[in-house]
>>> print(open('input17.cif').read())   # mmCIF, C-alpha atoms and all ligand atoms
data_input
#
loop_
_atom_site.label_atom_id
_atom_site.label_comp_id
_atom_site.auth_asym_id
_atom_site.auth_seq_id
_atom_site.Cartn_x
_atom_site.Cartn_y
_atom_site.Cartn_z
CA MET A 3 -9.67 -16.07 -27.71
CA ARG A 4 -6.01 -17.05 -28.14
CA ARG A 5 -4.02 -18.26 -25.15
CA TYR A 6 -0.52 -16.73 -25.03
CA GLN A 7 2.62 -18.87 -25.17
CA THR A 8 5.43 -17.52 -22.98
CA GLU A 9 8.24 -19.96 -23.76
CA GLY A 10 10.70 -17.11 -24.35
CA SER A 11 10.09 -15.75 -20.83
CA ARG A 12 10.64 -19.18 -19.33
CA ARG A 13 13.90 -19.61 -21.25
CA LEU A 14 15.15 -16.16 -20.30
CA HIS A 15 14.38 -16.84 -16.65
CA GLN A 16 16.38 -20.08 -16.75
CA GLN A 17 19.30 -18.22 -18.30
CA THR A 18 19.13 -15.39 -15.73
CA VAL A 19 18.83 -17.44 -12.53
CA PRO A 20 22.49 -18.55 -12.49
CA TYR A 21 23.58 -14.91 -12.29
CA LEU A 22 20.80 -12.92 -10.62
CA LEU A 23 19.16 -13.61 -7.26
CA ASP A 24 15.83 -15.34 -8.00
CA GLY A 25 16.23 -14.18 -11.62
CA VAL A 26 14.44 -10.89 -10.94
CA GLY A 27 15.31 -7.26 -10.31
CA SER A 28 12.94 -7.01 -7.32
CA SER A 29 11.43 -9.79 -5.23
CA PHE A 30 8.04 -8.28 -6.13
CA HIS A 31 8.61 -9.53 -9.69
CA VAL A 32 8.49 -13.18 -8.66
CA SER A 33 5.19 -14.56 -9.94
CA SER A 34 2.86 -16.15 -7.41
CA TYR A 35 1.23 -18.37 -10.06
CA ARG A 36 3.94 -19.54 -12.44
CA ASP A 37 7.56 -20.51 -11.93
CA TYR A 38 8.89 -17.64 -14.03
CA PRO A 39 7.75 -14.06 -14.55
CA VAL A 40 6.76 -12.82 -18.01
CA ALA A 41 9.70 -10.82 -19.37
CA MET A 42 9.05 -7.63 -21.31
CA THR A 43 10.76 -5.92 -24.22
CA HIS A 44 8.92 -2.60 -24.30
CA GLY A 45 5.81 -0.65 -23.39
CA LYS A 46 3.75 1.95 -25.16
CA GLY A 47 0.70 3.73 -23.76
CA SER A 48 -1.41 1.24 -21.82
CA LYS A 49 0.34 -1.80 -23.33
CA LEU A 50 3.35 -3.95 -22.54
CA TYR A 51 5.00 -6.36 -25.00
CA ASP A 52 6.78 -9.54 -23.89
CA VAL A 53 9.80 -11.34 -25.30
CA ASP A 54 7.47 -13.66 -27.25
CA GLY A 55 5.80 -10.71 -28.94
CA ASN A 56 2.56 -10.88 -26.92
CA GLU A 57 0.69 -7.65 -26.15
CA TYR A 58 -0.79 -6.99 -22.70
CA ILE A 59 -3.22 -4.33 -21.52
CA ASP A 60 -1.43 -3.46 -18.31
CA TYR A 61 -3.01 -2.55 -14.96
CA VAL A 62 0.19 -3.16 -12.95
CA LEU A 63 1.88 -0.10 -14.42
CA GLY A 64 5.23 -0.75 -12.80
CA PHE A 65 3.47 -1.11 -9.40
CA GLY A 66 1.87 2.30 -9.86
CA PRO A 67 4.33 4.83 -11.26
CA MET A 68 3.21 4.74 -14.91
CA LEU A 69 0.16 6.95 -14.37
CA LEU A 70 0.69 8.50 -17.81
CA GLY A 71 1.23 5.08 -19.42
CA TYR A 72 4.46 3.88 -21.04
CA CYS A 73 6.65 6.35 -22.96
CA PRO A 74 4.53 9.43 -22.24
CA PRO A 75 5.69 11.93 -24.90
CA ALA A 76 6.01 14.98 -22.61
CA VAL A 77 8.12 13.09 -20.07
CA ASP A 78 10.28 11.46 -22.75
CA ARG A 79 10.95 14.88 -24.29
CA ALA A 80 11.81 16.48 -20.95
CA VAL A 81 14.16 13.64 -19.99
CA ALA A 82 15.86 13.59 -23.41
CA GLU A 83 16.38 17.34 -23.17
CA GLN A 84 17.88 17.00 -19.67
CA LEU A 85 20.13 14.13 -20.83
CA ARG A 86 21.71 16.45 -23.38
CA ARG A 87 22.61 18.79 -20.51
CA GLY A 88 23.81 16.09 -18.10
CA SER A 89 22.22 13.42 -15.94
CA HIS A 90 23.53 14.32 -12.50
CA PHE A 91 25.22 17.39 -10.99
CA SER A 92 24.94 17.31 -7.18
CA ALA A 93 23.93 20.96 -7.39
CA PRO A 94 20.68 22.94 -7.49
CA THR A 95 19.07 23.73 -10.83
CA GLU A 96 16.42 26.09 -12.12
CA ASP A 97 14.10 23.10 -12.58
CA LEU A 98 14.58 22.04 -8.95
CA LYS A 99 13.20 25.43 -7.91
CA ARG A 100 10.28 25.13 -10.37
CA LEU A 101 9.35 21.64 -9.18
CA SER A 102 9.50 22.57 -5.50
CA GLN A 103 7.36 25.63 -6.13
CA ARG A 104 4.82 23.55 -8.08
CA LEU A 105 4.56 20.87 -5.35
CA VAL A 106 3.89 23.58 -2.77
CA GLU A 107 1.15 24.97 -5.06
CA ILE A 108 -0.68 21.69 -5.61
CA ILE A 109 -0.32 19.65 -2.38
CA PRO A 110 -2.39 21.03 0.52
CA SER A 111 0.07 20.08 3.30
CA ALA A 112 3.17 21.28 1.43
CA GLU A 113 4.87 24.39 2.78
CA LEU A 114 8.37 23.02 2.20
CA VAL A 115 9.63 19.96 0.31
CA ALA A 116 12.66 17.64 0.40
CA TYR A 117 13.65 14.89 -2.02
CA GLN A 118 14.71 11.25 -1.87
CA ASN A 119 14.74 8.46 -4.46
CA SER A 120 12.11 5.93 -3.47
CA GLY A 121 9.04 5.37 -1.32
CA THR A 122 11.07 3.51 1.28
CA GLU A 123 13.40 6.45 1.66
CA VAL A 124 10.77 9.16 1.88
CA VAL A 125 8.96 7.33 4.68
CA MET A 126 12.24 6.80 6.54
CA TYR A 127 12.98 10.50 6.25
CA ALA A 128 9.47 11.52 7.36
CA LEU A 129 9.76 9.33 10.48
CA ARG A 130 13.10 10.89 11.34
CA LEU A 131 11.64 14.38 10.89
CA ALA A 132 8.70 13.53 13.14
CA ARG A 133 10.98 12.19 15.87
CA ALA A 134 13.33 15.17 15.63
CA TYR A 135 10.52 17.71 15.75
CA THR A 136 8.59 16.17 18.64
CA GLY A 137 11.52 14.78 20.61
CA LYS A 138 9.46 11.55 20.94
CA TYR A 139 10.25 8.15 19.45
CA LYS A 140 7.21 5.90 19.15
CA ILE A 141 5.36 5.66 15.84
CA VAL A 142 1.82 4.34 15.43
CA LYS A 143 1.45 2.22 12.30
CA PHE A 144 -1.45 0.07 11.18
CA GLU A 145 -1.79 -3.62 10.67
CA GLY A 146 -1.47 -4.64 7.02
CA GLN A 147 -0.03 -1.33 5.87
CA TYR A 148 3.19 -1.44 3.85
CA HIS A 149 5.51 1.56 3.86
CA GLY A 150 8.71 0.17 2.36
CA TRP A 151 11.32 -2.49 2.87
CA SER A 152 13.54 -1.00 5.61
CA ASP A 153 13.79 -2.82 8.97
CA GLU A 154 11.29 -0.56 10.70
CA GLU A 155 8.86 -0.21 7.80
CA LYS A 156 8.45 -3.90 7.02
CA VAL A 157 6.61 -4.81 10.20
CA SER A 158 3.10 -6.32 10.41
CA ILE A 159 2.45 -5.80 6.72
CA ASP A 160 0.91 -9.18 6.00
CA ALA A 161 -0.09 -12.47 7.59
CA SER A 162 -1.22 -15.87 6.43
CA CYS A 163 -4.19 -15.95 8.83
CA VAL A 164 -5.79 -13.83 11.54
CA GLU A 165 -4.60 -16.12 14.34
CA GLU A 166 -1.02 -15.22 13.48
CA LEU A 167 -1.78 -11.58 14.35
CA GLY A 168 -2.72 -12.09 18.00
CA ASP A 169 -4.83 -9.69 20.06
CA ARG A 170 -6.58 -7.03 17.95
CA GLU A 171 -5.62 -3.99 20.05
CA ASN A 172 -2.27 -5.33 21.14
CA PRO A 173 -1.18 -7.40 18.14
CA ARG A 174 1.99 -9.36 17.67
CA LYS A 175 4.49 -7.34 15.70
CA ILE A 176 5.45 -9.48 12.75
CA LEU A 177 8.87 -9.14 11.12
CA HIS A 178 8.78 -10.17 7.50
CA THR A 179 12.20 -11.30 6.44
CA LYS A 180 15.19 -13.03 7.87
CA GLY A 181 17.81 -10.52 8.88
CA GLN A 182 15.41 -7.91 10.27
CA ARG A 183 16.64 -6.98 13.73
CA LEU A 184 14.32 -7.94 16.59
CA SER A 185 14.58 -4.33 17.71
CA SER A 186 13.13 -3.10 14.36
CA ALA A 187 9.66 -2.98 15.83
CA GLU A 188 10.56 -1.71 19.31
CA ASP A 189 9.42 1.85 18.65
CA LEU A 190 6.31 0.87 16.69
CA ILE A 191 2.83 0.68 18.14
CA VAL A 192 0.69 -1.41 15.79
CA LEU A 193 -3.06 -0.76 15.72
CA PRO A 194 -6.10 -1.78 13.64
CA TRP A 195 -6.81 0.79 10.93
CA ASN A 196 -10.22 2.48 10.55
CA ASP A 197 -10.81 2.20 14.32
CA LEU A 198 -10.84 5.74 15.73
CA PRO A 199 -11.69 4.75 19.36
CA ALA A 200 -8.69 2.37 19.43
CA LEU A 201 -6.41 5.14 18.17
CA GLU A 202 -7.78 7.70 20.62
CA ARG A 203 -7.36 5.30 23.56
CA THR A 204 -3.73 4.77 22.58
CA LEU A 205 -3.01 8.46 22.10
CA ALA A 206 -4.68 9.31 25.40
CA ALA A 207 -2.59 6.73 27.24
CA ARG A 208 0.74 7.11 25.42
CA GLY A 209 0.60 10.42 23.49
CA GLY A 210 3.58 11.67 25.55
CA GLU A 211 5.87 9.13 23.88
CA ILE A 212 4.33 9.03 20.38
CA ALA A 213 5.95 11.18 17.67
CA ALA A 214 3.58 10.40 14.81
CA VAL A 215 0.74 8.37 13.40
CA LEU A 216 1.78 6.98 10.01
CA MET A 217 -0.85 5.75 7.59
CA GLU A 218 -1.89 5.31 4.00
CA PRO A 219 -4.97 7.58 3.89
CA CYS A 220 -6.67 5.02 1.71
CA MET A 221 -5.19 1.63 2.41
CA CYS A 222 -3.91 0.44 -0.95
CA ASP A 223 -0.96 -1.82 -0.60
CA SER A 224 -1.86 -5.09 1.10
CA GLY A 225 -5.53 -5.54 0.34
CA PRO A 226 -7.16 -2.21 -0.46
CA ILE A 227 -9.51 -0.84 2.20
CA LEU A 228 -11.30 2.52 2.04
CA PRO A 229 -11.38 4.90 5.02
CA LYS A 230 -14.73 4.85 6.83
CA PRO A 231 -16.64 8.14 6.51
CA GLY A 232 -15.27 10.55 9.11
CA TYR A 233 -12.28 8.38 10.03
CA LEU A 234 -9.55 10.56 8.50
CA GLU A 235 -11.13 13.72 9.93
CA GLY A 236 -11.26 12.01 13.33
CA VAL A 237 -7.62 10.96 13.10
CA ARG A 238 -6.67 14.53 12.26
CA GLU A 239 -8.57 15.80 15.29
CA VAL A 240 -7.19 13.33 17.85
CA THR A 241 -3.58 13.62 16.64
CA ARG A 242 -3.82 17.40 17.12
CA LYS A 243 -5.47 16.98 20.49
CA TYR A 244 -2.64 14.78 21.81
CA GLY A 245 0.28 16.64 20.20
CA VAL A 246 1.14 13.85 17.77
CA LEU A 247 2.07 14.45 14.11
CA LEU A 248 0.01 12.91 11.34
CA ILE A 249 1.94 11.49 8.37
CA PHE A 250 0.13 10.42 5.22
CA ASP A 251 2.06 7.91 3.15
CA GLU A 252 0.91 8.95 -0.31
CA VAL A 253 3.43 6.83 -2.19
CA ILE A 254 0.52 5.11 -3.96
CA THR A 255 -2.31 7.62 -3.59
CA GLY A 256 -0.21 10.66 -4.55
CA PHE A 257 -1.23 12.11 -7.94
CA ARG A 258 -3.54 9.11 -8.44
CA LEU A 259 -6.53 10.19 -6.35
CA ALA A 260 -6.11 13.84 -7.34
CA LEU A 261 -3.29 16.15 -8.37
CA GLY A 262 -2.97 17.09 -4.68
CA GLY A 263 -3.15 13.43 -3.58
CA ALA A 264 -5.49 11.74 -1.12
CA GLN A 265 -5.26 14.77 1.17
CA ALA A 266 -6.92 16.88 -1.55
CA TYR A 267 -9.37 14.10 -2.46
CA TYR A 268 -10.53 13.57 1.16
CA GLY A 269 -9.97 17.15 2.35
CA VAL A 270 -7.79 16.19 5.33
CA THR A 271 -4.38 17.83 5.69
CA PRO A 272 -1.60 15.93 7.47
CA ASP A 273 1.54 17.47 8.98
CA LEU A 274 3.87 15.53 6.70
CA SER A 275 3.33 13.42 3.62
CA THR A 276 5.39 11.22 1.39
CA PHE A 277 5.24 10.87 -2.40
CA ALA A 278 7.10 8.59 -4.83
CA LYS A 279 5.89 6.16 -7.56
CA ALA A 280 3.66 8.26 -9.87
CA ILE A 281 5.45 11.55 -9.14
CA ALA A 282 8.02 10.95 -11.90
CA SER A 283 6.46 8.49 -14.36
CA GLY A 284 8.87 5.63 -13.71
CA TYR A 285 12.07 7.44 -12.73
CA PRO A 286 13.28 6.75 -9.16
CA PHE A 287 12.18 9.85 -7.30
CA GLY A 288 10.40 10.77 -4.09
CA ALA A 289 9.38 13.81 -2.08
CA VAL A 290 8.54 14.50 1.54
CA VAL A 291 6.39 17.58 2.01
CA GLY A 292 4.90 19.23 5.06
CA ARG A 293 4.56 22.03 7.54
CA ARG A 294 7.48 24.43 7.38
CA GLU A 295 8.40 24.23 11.06
CA VAL A 296 8.46 20.42 11.00
CA MET A 297 10.35 20.17 7.70
CA ALA A 298 12.88 22.77 8.85
CA CYS A 299 13.55 21.28 12.30
CA GLY A 300 17.13 20.40 11.42
CA VAL A 301 17.23 16.92 9.86
CA PRO A 302 19.51 16.80 6.81
CA ALA A 303 17.94 15.26 3.68
CA SER A 304 21.14 13.48 2.71
CA GLY A 305 21.60 11.38 -0.42
CA THR A 306 23.83 11.42 -3.50
CA PHE A 307 20.93 11.30 -5.93
CA ASN A 308 18.38 13.49 -4.11
CA GLY A 309 16.88 16.02 -6.49
CA ASN A 310 18.53 14.28 -9.44
CA PRO A 311 17.93 16.35 -12.62
CA ILE A 312 16.46 13.45 -14.62
CA GLY A 313 13.92 12.75 -11.90
CA VAL A 314 13.18 16.45 -11.57
CA ALA A 315 12.62 16.81 -15.33
CA ALA A 316 10.35 13.75 -15.33
CA ALA A 317 8.39 15.01 -12.30
CA LEU A 318 7.86 18.47 -13.78
CA ALA A 319 6.62 17.02 -17.09
CA THR A 320 4.41 14.52 -15.25
CA ILE A 321 2.77 17.24 -13.14
CA GLU A 322 2.35 19.48 -16.18
CA THR A 323 0.59 16.68 -18.07
CA LEU A 324 -1.63 15.84 -15.10
CA SER A 325 -2.55 19.52 -14.77
CA GLN A 326 -4.21 19.59 -18.21
CA PRO A 327 -8.02 19.92 -18.10
CA GLY A 328 -9.95 16.67 -18.32
CA VAL A 329 -7.18 14.30 -17.19
CA TYR A 330 -8.80 13.22 -13.90
CA ALA A 331 -12.25 13.12 -15.49
CA HIS A 332 -10.86 10.72 -18.10
CA LEU A 333 -9.37 8.47 -15.38
CA GLU A 334 -12.64 8.58 -13.42
CA GLY A 335 -14.60 7.64 -16.55
CA LEU A 336 -12.37 4.62 -17.21
CA ALA A 337 -12.57 3.46 -13.58
CA GLN A 338 -16.35 3.75 -13.66
CA GLN A 339 -16.56 1.82 -16.93
CA LEU A 340 -14.42 -0.94 -15.45
CA GLU A 341 -16.43 -1.06 -12.25
CA THR A 342 -19.78 -1.14 -14.07
CA GLY A 343 -18.56 -3.88 -16.41
CA PHE A 344 -17.26 -6.02 -13.56
CA ARG A 345 -20.52 -5.57 -11.64
CA ALA A 346 -22.37 -7.03 -14.62
CA LEU A 347 -19.92 -9.96 -14.68
CA ALA A 348 -20.35 -10.53 -10.94
CA ARG A 349 -24.11 -10.81 -11.53
CA LYS A 350 -23.66 -13.06 -14.56
CA TYR A 351 -21.46 -15.53 -12.68
CA HIS A 352 -23.18 -15.12 -9.26
CA ARG A 353 -19.85 -14.30 -7.66
CA PRO A 354 -19.31 -11.98 -4.73
CA LEU A 355 -16.76 -9.56 -6.18
CA TYR A 356 -15.53 -6.54 -4.26
CA LEU A 357 -15.48 -3.67 -6.75
CA ARG A 358 -14.63 -0.08 -5.91
CA HIS A 359 -12.52 2.68 -7.31
CA VAL A 360 -10.80 5.72 -5.87
CA GLY A 361 -9.43 8.03 -8.51
CA SER A 362 -7.31 5.93 -10.86
CA ILE A 363 -7.07 2.97 -8.48
CA PHE A 364 -9.51 0.20 -9.26
CA ILE A 365 -10.11 -2.38 -6.53
CA LEU A 366 -11.09 -5.90 -7.50
CA TYR A 367 -11.30 -8.82 -5.12
CA PHE A 368 -12.89 -12.21 -4.69
CA GLY A 369 -14.68 -13.62 -1.66
CA PHE A 370 -16.74 -10.64 -0.49
CA ALA A 371 -18.73 -7.78 -2.00
CA GLU A 372 -19.27 -5.25 0.80
CA ASP A 373 -16.71 -2.90 2.37
CA VAL A 374 -14.30 -4.46 4.83
CA GLU A 375 -13.07 -2.34 7.73
CA ASP A 376 -9.56 -3.44 8.48
CA PHE A 377 -6.84 -5.87 7.51
CA ARG A 378 -8.21 -8.70 9.67
CA ASP A 379 -11.59 -8.38 8.04
CA TRP A 380 -9.93 -8.49 4.65
CA LEU A 381 -7.76 -11.47 5.55
CA THR A 382 -10.75 -13.42 6.85
CA GLN A 383 -12.95 -12.82 3.83
CA ALA A 384 -10.54 -12.55 0.90
CA ASP A 385 -10.53 -15.49 -1.48
CA LEU A 386 -6.90 -15.31 -2.53
CA ALA A 387 -7.01 -18.61 -4.45
CA SER A 388 -9.79 -17.36 -6.77
CA TYR A 389 -8.14 -13.97 -7.23
CA THR A 390 -4.84 -15.63 -8.15
CA ARG A 391 -6.56 -17.99 -10.57
CA PHE A 392 -8.37 -15.08 -12.15
CA VAL A 393 -5.22 -12.96 -12.54
CA ALA A 394 -3.24 -15.91 -13.92
CA GLY A 395 -6.02 -16.61 -16.45
CA CYS A 396 -6.25 -12.98 -17.57
CA GLU A 397 -2.49 -12.82 -18.12
CA GLU A 398 -2.77 -15.77 -20.51
CA TYR A 399 -5.22 -13.75 -22.62
CA GLY A 400 -3.28 -10.49 -22.53
CA VAL A 401 -4.55 -8.58 -19.50
CA ARG A 402 -2.13 -7.96 -16.65
CA PHE A 403 -3.55 -7.40 -13.16
CA THR A 404 -1.58 -7.14 -9.88
CA ASP A 405 -0.32 -10.39 -8.56
CA ARG A 406 -2.00 -10.74 -5.18
CA ARG A 407 -3.18 -7.41 -3.90
CA GLY A 408 -6.35 -6.59 -5.81
CA ARG A 409 -5.47 -2.99 -6.53
CA GLU A 410 -5.28 -2.28 -10.20
CA TYR A 411 -3.90 0.92 -11.64
CA LEU A 412 -5.31 2.90 -14.54
CA SER A 413 -3.29 5.28 -16.66
CA VAL A 414 -4.13 8.34 -18.69
CA ALA A 415 -3.18 6.27 -21.76
CA HIS A 416 -5.88 3.62 -21.19
CA THR A 417 -8.86 3.85 -23.52
CA GLN A 418 -12.49 2.78 -23.47
CA GLU A 419 -11.53 0.12 -26.00
CA ASP A 420 -8.92 -1.24 -23.54
CA ILE A 421 -11.64 -1.54 -20.91
CA ARG A 422 -13.99 -3.33 -23.35
CA ARG A 423 -11.24 -5.82 -24.24
CA THR A 424 -10.38 -6.27 -20.57
CA LEU A 425 -13.99 -7.06 -19.70
CA ALA A 426 -14.20 -9.56 -22.56
CA VAL A 427 -11.10 -11.33 -21.20
CA ALA A 428 -12.51 -11.23 -17.64
CA ASP A 429 -15.75 -12.76 -18.98
CA GLN A 430 -13.81 -15.57 -20.64
CA VAL A 431 -11.70 -16.29 -17.53
CA LEU A 432 -14.63 -16.16 -15.09
CA GLY A 433 -16.41 -18.57 -17.43
CA GLU A 434 -13.44 -20.93 -17.38
CA MET A 435 -13.32 -20.72 -13.58
CA GLU A 436 -16.89 -22.08 -13.47
CA ARG A 437 -15.83 -25.27 -15.17
N1 LIG B 501 4.66 3.25 0.81
C1 LIG B 501 3.68 2.63 0.16
C2 LIG B 501 2.27 2.91 0.50
C3 LIG B 501 3.99 1.69 -0.84
O1 LIG B 501 3.00 1.06 -1.48
C4 LIG B 501 5.34 1.45 -1.15
C5 LIG B 501 5.71 0.50 -2.21
O2 LIG B 501 4.94 -0.22 -2.78
C6 LIG B 501 6.33 2.15 -0.43
C7 LIG B 501 5.96 3.04 0.53
C8 LIG B 501 7.77 1.90 -0.74
O3 LIG B 501 8.09 2.44 -1.97
P1 LIG B 501 9.35 1.93 -2.81
O4 LIG B 501 9.02 0.58 -3.30
O5 LIG B 501 9.48 2.96 -3.90
O6 LIG B 501 10.53 1.95 -1.91
#
>>> encode(input="input17.cif", output="structure tokens")
Amino acid sequence: MRRYQTEGSRRLHQQTVPYLLDGVGSSFHVSSYRDYPVAMTHGKGSKLYDVDGNEYIDYVLGFGPMLLGYCPPAVDRAVAEQLRRGSHFSAPTEDLKRLSQRLVEIIPSAELVAYQNSGTEVVMYALRLARAYTGKYKIVKFEGQYHGWSDEEKVSIDASCVEELGDRENPRKILHTKGQRLSSAEDLIVLPWNDLPALERTLAARGGEIAAVLMEPCMCDSGPILPKPGYLEGVREVTRKYGVLLIFDEVITGFRLALGGAQAYYGVTPDLSTFAKAIASGYPFGAVVGRREVMACGVPASGTFNGNPIGVAAALATIETLSQPGVYAHLEGLAQQLETGFRALARKYHRPLYLRHVGSIFILYFGFAEDVEDFRDWLTQADLASYTRFVAGCEEYGVRFTDRRGREYLSVAHTQEDIRRTLAVADQVLGEMER
């Protein structure tokens, strides 16, 4: 197996750093295992190609959006067609109506929709809606869950060790960057996820001041954790009981777990939910959907680019492609093939690997094999050093996994042959890690 040379990426990084902050477009692009990120020239299907001409089977998929793979023909056609008519109007279009109608058809909680341009924005808008509708200001969020980079969203998303987090039911609220105001977290109540009694105790005591419970229905971002059986149903019940709105952040799970998102997959309908990433196959686009009376409570969905025609065209073509028969069965088949193959490798190398999949999200981690319940559990057991070594090794042989998080994305464009090649690379790297 040939080890890739990435000299061109290193050179490009050196040339970029004098002009661009950290030499990257987003801080997420900084590599955690080499001093420069691999730079790409193009992508096609399940593959990315770097500036040195190396080919990668990609499971990062632009941090999730490329659910149809790179250059999906239907989306490219729809966007090219829209480009001929103009890229931005600041006015409604026929397609805007069609997309809104389609989202209401396919997403269980959607009675009305509104648009923004990113995951960060849709969550910000959903929180404002919840506060406006209820007249209350506190928001329950969960330890380890990431909802975007705004001051209020980037709180208690990560930690270096459990001790840093403080008391489990009354944790320290951790701000994550310089420049975040101390008051960012004032209206947040941080709780452990997957713990229904803890949530119910909080709602019983403070429901009168809590506008909403915000959660990823399947915790994907910082260390993937599955909901315990009955947990989401329980959350739905207690939020109703105490007059608190339930917001599902489906920025990752949307369209990936099912066409109707995690809410369709798990059969639990929130009051509001947020979608971005995979909704528009790589174009900056997001939607908030929810109950009519909450959505229409009088909060303007402002924004120059909201409902931008290019994003709308991409979203319509994406949803149309995902609506074809067999698409989700294909994704499920690939995820199963990957999981089965990795289980065999875990046995071969006597390694505890955590291997699960939900829809087109494949979860791979080192250090434990059984389900963990919450972020503290994950933080205690996760073997980040081994995961990082593994991911770094795979990249050198042409397989790109996510940098630190252990959630890998599959696309409709991936093939069984991709999975076979991926498993062969994983075999090689796990073998090297033994030495
Ligand atoms: N919500 C979740 C669950 C996310 O994973 C992310 C981004 O990774 C966001 C919100 C923020 O989305 P964006 O990066 O598009 O602003």
>>> atom_distance(input="input17.cif", atom1="atom C8 of ligand LIG 501 (chain B)", atom2="CA of Gly66 in chain A")
10.9 Å
>>> residues_near_ligand(input="input17.cif", ligand="ligand LIG 501 (chain B)", cutoff="8 Å", atoms="all atoms listed in the file", output="NGL selection string")
:A and (65 or 119-125 or 147-151 or 218 or 221-223 or 251-255 or 278-279 or 286 or 288)
>>> closest_residue(input="input17.cif", among="A:Leu386, A:Ala298, A:Ala282, A:Leu425", to="Arg345 in chain A", atoms="only C-alpha atoms")
A:Leu425
>>> atom_distance(input="input17.cif", atom1="CA of Gln182 in chain A", atom2="CA of Asp153 in chain A")
5.5 Å
>>> closest_residue(input="input17.cif", among="A:Ala213, A:Leu114, A:Leu184, A:Leu14", to="Thr136 in chain A", atoms="all atoms listed in the file")
A:Ala213
>>> closest_residue(input="input17.cif", among="A:Glu211, A:Asp37, A:Asp189, A:Asp97", to="Thr8 in chain A", atoms="all atoms listed in the file")
A:Asp37
>>> residues_near_point(input="input17.cif", point="(-10.3, 10.4, 6.3)", cutoff="8 Å", atoms="only C-alpha atoms", output="mmCIF file with C-alpha atoms, in the coordinates of the input")
data_model
loop_
_atom_site.group_PDB
_atom_site.id
_atom_site.type_symbol
_atom_site.label_atom_id
_atom_site.label_comp_id
_atom_site.auth_asym_id
_atom_site.auth_seq_id
_atom_site.Cartn_x
_atom_site.Cartn_y
_atom_site.Cartn_z
ATOM 1 C CA PRO A 219 -4.970 7.580 3.890
ATOM 2 C CA CYS A 220 -6.670 5.020 1.710
ATOM 3 C CA PRO A 229 -11.380 4.900 5.020
ATOM 4 C CA LYS A 230 -14.730 4.850 6.830
ATOM 5 C CA PRO A 231 -16.640 8.140 6.510
ATOM 6 C CA GLY A 232 -15.270 10.550 9.110
ATOM 7 C CA TYR A 233 -12.280 8.380 10.030
ATOM 8 C CA LEU A 234 -9.550 10.560 8.500
ATOM 9 C CA GLU A 235 -11.130 13.720 9.930
ATOM 10 C CA GLY A 236 -11.260 12.010 13.330
ATOM 11 C CA VAL A 237 -7.620 10.960 13.100
ATOM 12 C CA TYR A 268 -10.530 13.570 1.160
ATOM 13 C CA GLY A 269 -9.970 17.150 2.350
ATOM 14 C CA VAL A 270 -7.790 16.190 5.330
#
>>> residues_around(input="input17.cif", residues="Ala161 in chain A", least_positions_apart="3", cutoff="9 Å", atoms="all atoms listed in the file", output="ChimeraX atom specification")
/A:146,158,164-167,176,381
>>> atom_distance(input="input17.cif", atom1="CA of Pro110 in chain A", atom2="CA of Ala260 in chain A")
11.3 Å
>>> residues_around(input="input17.cif", residues="Val291 in chain A", least_positions_apart="6", cutoff="6 Å", atoms="only C-alpha atoms", output="PyMOL selection string")
chain A and resi 112+114-115+274-275
>>> residues_near_point(input="input17.cif", point="(12.1, 15.2, 11.7)", cutoff="7 Å", atoms="all atoms listed in the file", output="list in words")
Ala128, Leu129, Arg130, Leu131, Ala132, Arg133, Ala134, Tyr135, Val296, Met297, Cys299 and Val301 of chain A
>>> write_last_selection(input="input17.cif", atoms="C-alpha atoms", output="tab-separated table (two decimals), keeping the file's coordinate frame")
chain	number	residue	atom	x	y	z
A	128	ALA	CA	9.47	11.52	7.36
A	129	LEU	CA	9.76	9.33	10.48
A	130	ARG	CA	13.10	10.89	11.34
A	131	LEU	CA	11.64	14.38	10.89
A	132	ALA	CA	8.70	13.53	13.14
A	133	ARG	CA	10.98	12.19	15.87
A	134	ALA	CA	13.33	15.17	15.63
A	135	TYR	CA	10.52	17.71	15.75
A	296	VAL	CA	8.46	20.42	11.00
A	297	MET	CA	10.35	20.17	7.70
A	299	CYS	CA	13.55	21.28	12.30
A	301	VAL	CA	17.23	16.92	9.86
>>> residues_around(input="input17.cif", residues="Phe257 in chain A", least_positions_apart="5", cutoff="7 Å", atoms="all atoms listed in the file", output="list in words")
Gly262, Gly263, Ala280 and Ile281 of chain A
>>> closest_residue(input="input17.cif", among="A:Arg293, A:Ser28, A:Lys156, A:Asn310", to="Leu101 in chain A", atoms="all atoms listed in the file")
A:Asn310
>>> residues_around(input="input17.cif", residues="range 47-64 of chain A", least_positions_apart="3", cutoff="10 Å", atoms="all atoms listed in the file", output="ChimeraX atom specification")
/A:6-12,14,31,40-44,67-75,279-280,283-284,363-364,396-405,409-417,420-421,423-424
>>> closest_residue(input="input17.cif", among="A:Asp160, A:Glu334, A:Glu155, A:Asp385", to="Ala187 in chain A", atoms="only C-alpha atoms")
A:Glu155
>>> closest_residue(input="input17.cif", among="A:Ser162, A:Thr306, A:Gln418, A:Gln17", to="Leu340 in chain A", atoms="all atoms listed in the file")
A:Gln418
